[in-house]
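S.K.: Structure provided below as structure tokens; questions to follow.
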Amino acid sequence: MLCPCGSDNNFDVCCELIISGKEKARSPEKLMRSRYSAYATNNAEYIFNTYALSSKKSQTLADISSWAKETTWLKLTIINSSTFNKVEYPTVTFEATYKSDNTFYMMKETSRFVTEQGFWKYLDGNHLEHTELTLPKRNDPCICASDRKFKKCCG
Ligand SMILES: [Zn+2]
Ligand SMILES: [Zn+2]
């Protein structure tokens, strides 16, 4: 299967390498992509484990797991990644499209990252936008990353 993060690579040579621990996320963007792919594949444990220690306190595995199950993640677009060698908290800004309870949403967030013991971790995120999407017409291109018609894909 193609990696959910939208890289055009297969999952097993992209985010799965990082999620499974075979490879390290070498940049905040790689970590962000792997966390998105973990949501898309219902891997709550990985999402929990990649929160920074200070942010972990306000998270529970159960909450992350139920949110991952309630949502179907359709598309990720990275808008901007800051350089990560000159700033204390590098950022990644992205847009993600998901479906929950038969409604489609787009969220735009700037996330902050921090290193802990040599590993990138997700610190927190600032929601810039979170809106319900107007659905495409049945024969229009789907809102996810596929090239299929909406009615034959996510519709
Ligand atoms: Zn990926
Ligand atoms: Zn679709």
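Chain labels run A, B, ... following the order of the structure tokens; each chain numbers its residues from 1, and ligands are numbered from 1 in the order shown.
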Show me which residues are within 9 Å of ligand 1 counting only C-alpha atoms and all ligand atoms, and format the list as a list in words.

M.R.: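 After applying the 9 Å limit, what remains is Leu2, Cys3, Pro4, Cys5, Gly6, Ser7, Asp8, Asn9, Asn10, Phe11, Asp12, Val13, Cys14, Cys15, Glu16, Leu17, Ile18, Lys30, Arg33, Ser34, Tyr36 and Ser37 of chain A.
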
S.K.: Within 7 Å of ligand 2, counting only C-alpha atoms and all ligand atoms, which protein or nucleic acid residues do you find, written as a PyMOL selection string?

M.R.: chain A and resi 74+142-146+148+150+153-154

S.K.: Suppose we keep N, CA and C atoms; can you now write the selection as an mmCIF file, in the first residue's frame?

M.R.:
```cif
data_model
loop_
_atom_site.group_PDB
_atom_site.id
_atom_site.type_symbol
_atom_site.label_atom_id
_atom_site.label_comp_id
_atom_site.auth_asym_id
_atom_site.auth_seq_id
_atom_site.Cartn_x
_atom_site.Cartn_y
_atom_site.Cartn_z
ATOM 1 N N LEU A 74 -7.438 11.076 5.232
ATOM 2 C CA LEU A 74 -7.515 10.974 3.778
ATOM 3 C C LEU A 74 -6.362 11.624 3.040
ATOM 4 N N CYS A 142 -11.966 13.236 -6.166
ATOM 5 C CA CYS A 142 -12.114 13.043 -4.726
ATOM 6 C C CYS A 142 -11.266 14.041 -3.938
ATOM 7 N N ILE A 143 -11.651 14.273 -2.693
ATOM 8 C CA ILE A 143 -10.888 15.196 -1.844
ATOM 9 C C ILE A 143 -9.651 14.537 -1.229
ATOM 10 N N CYS A 144 -9.533 13.236 -1.364
ATOM 11 C CA CYS A 144 -8.331 12.581 -0.835
ATOM 12 C C CYS A 144 -7.248 12.615 -1.909
ATOM 13 N N ALA A 145 -6.188 11.875 -1.712
ATOM 14 C CA ALA A 145 -5.055 11.952 -2.633
ATOM 15 C C ALA A 145 -5.244 11.100 -3.894
ATOM 16 N N SER A 146 -6.346 10.357 -4.004
ATOM 17 C CA SER A 146 -6.517 9.478 -5.165
ATOM 18 C C SER A 146 -6.893 10.292 -6.404
ATOM 19 N N ARG A 148 -9.414 9.290 -8.248
ATOM 20 C CA ARG A 148 -10.717 8.751 -8.593
ATOM 21 C C ARG A 148 -11.830 9.759 -8.364
ATOM 22 N N PHE A 150 -15.181 11.197 -6.743
ATOM 23 C CA PHE A 150 -15.598 11.202 -5.349
ATOM 24 C C PHE A 150 -16.543 10.046 -5.019
ATOM 25 N N CYS A 153 -14.886 6.798 -4.509
ATOM 26 C CA CYS A 153 -13.763 6.783 -3.577
ATOM 27 C C CYS A 153 -14.282 7.038 -2.164
ATOM 28 N N CYS A 154 -14.076 8.218 -1.642
ATOM 29 C CA CYS A 154 -14.426 8.500 -0.246
ATOM 30 C C CYS A 154 -15.904 8.874 -0.055
#
```

S.K.: Check chain A with DSSP on the backbone and list each residue it calls strand (DSSP E), as number ranges by chain.

M.R.: A: 71-81, 91-100, 103-116, 119-132

S.K.: For each of A:Tyr51, A:Tyr98, A:Tyr39, A:Trp73, take the minimum atom-to-atom distance to Arg112 (chain A), counting only C-alpha atoms, then give the residue where this is smallest.

M.R.: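 Of the candidates, the smallest distance to Arg112 (chain A) is held by A:Tyr51.
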
S.K.: When you draw a straight line from CA of Thr110 (chain A) to CA of Phe94 (chain A), how long is it in Å?

M.R.: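 Spanning CA of Thr110 (chain A) to CA of Phe94 (chain A) is a straight-line distance of 6.6 Å.
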
S.K.: When you look at Gly155 (chain A) with a cut-off of 12 Å (counting only C-alpha atoms), what residues show up, excluding the ones that are within fewer than 6 positions of it in the same chain? I need them as a list in words.

M.R.: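 Using only C-alpha atoms, the neighbours found are Leu74, Lys99, Asn102, Thr103, Phe104, Thr134, Leu135, Pro136, Lys137, Arg138, Asn139, Asp140, Pro141, Cys142, Ile143, Cys144, Arg148 and Lys149 of chain A.
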
S.K.: With distances taken over only C-alpha atoms, which residue among A:Lys56, A:Ser111, A:Ser100, A:Gly118 lies nearest Arg26 (chain A)?

M.R.: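 Checking each of A:Lys56, A:Ser111, A:Ser100, A:Gly118 against Arg26 (chain A), counting only C-alpha atoms, the winner is A:Gly118.
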
S.K.: Could I get the residues of region 34-54 of chain A with an atom no further than 12 Å from an atom of region 122-133 of chain A, each paired with its nearest atom pair and that distance in Å to one decimal, using only C-alpha atoms, sorted by chain and residue number, as JSON lines?

M.R.:
```
{"residue": "A:Ser34", "atom": "CA", "partner": "A:Tyr122", "partner_atom": "CA", "distance": 11.1}
{"residue": "A:Arg35", "atom": "CA", "partner": "A:Tyr122", "partner_atom": "CA", "distance": 8.9}
{"residue": "A:Tyr36", "atom": "CA", "partner": "A:Tyr122", "partner_atom": "CA", "distance": 11.5}
{"residue": "A:Tyr46", "atom": "CA", "partner": "A:Tyr122", "partner_atom": "CA", "distance": 11.4}
{"residue": "A:Ile47", "atom": "CA", "partner": "A:Tyr122", "partner_atom": "CA", "distance": 9.0}
{"residue": "A:Phe48", "atom": "CA", "partner": "A:Tyr122", "partner_atom": "CA", "distance": 9.6}
{"residue": "A:Asn49", "atom": "CA", "partner": "A:Tyr122", "partner_atom": "CA", "distance": 9.4}
{"residue": "A:Thr50", "atom": "CA", "partner": "A:Tyr122", "partner_atom": "CA", "distance": 6.0}
{"residue": "A:Tyr51", "atom": "CA", "partner": "A:Tyr122", "partner_atom": "CA", "distance": 4.8}
{"residue": "A:Ala52", "atom": "CA", "partner": "A:Leu123", "partner_atom": "CA", "distance": 5.1}
{"residue": "A:Leu53", "atom": "CA", "partner": "A:Leu123", "partner_atom": "CA", "distance": 8.3}
{"residue": "A:Ser54", "atom": "CA", "partner": "A:Leu123", "partner_atom": "CA", "distance": 7.7}
```

S.K.: Nearest residue to Glu95 (chain A) out of A:Lys57, A:Val114, A:Met32, A:Asn43, using only C-alpha atoms?

M.R.: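 So, comparing all the options, the nearest one is A:Met32.
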
S.K.: Take CA of Lys69 (chain A) and CA of Ala96 (chain A) and report the distance between them in Å, one decimal.

M.R.: 16.1 Å

S.K.: Can you list, as an MDAnalysis selection string, every residue of region 46-106 of chain A that DSSP puts in helix (DSSP H, G or I)?

M.R.: chainID A and resid 46:49 53:56 61:70
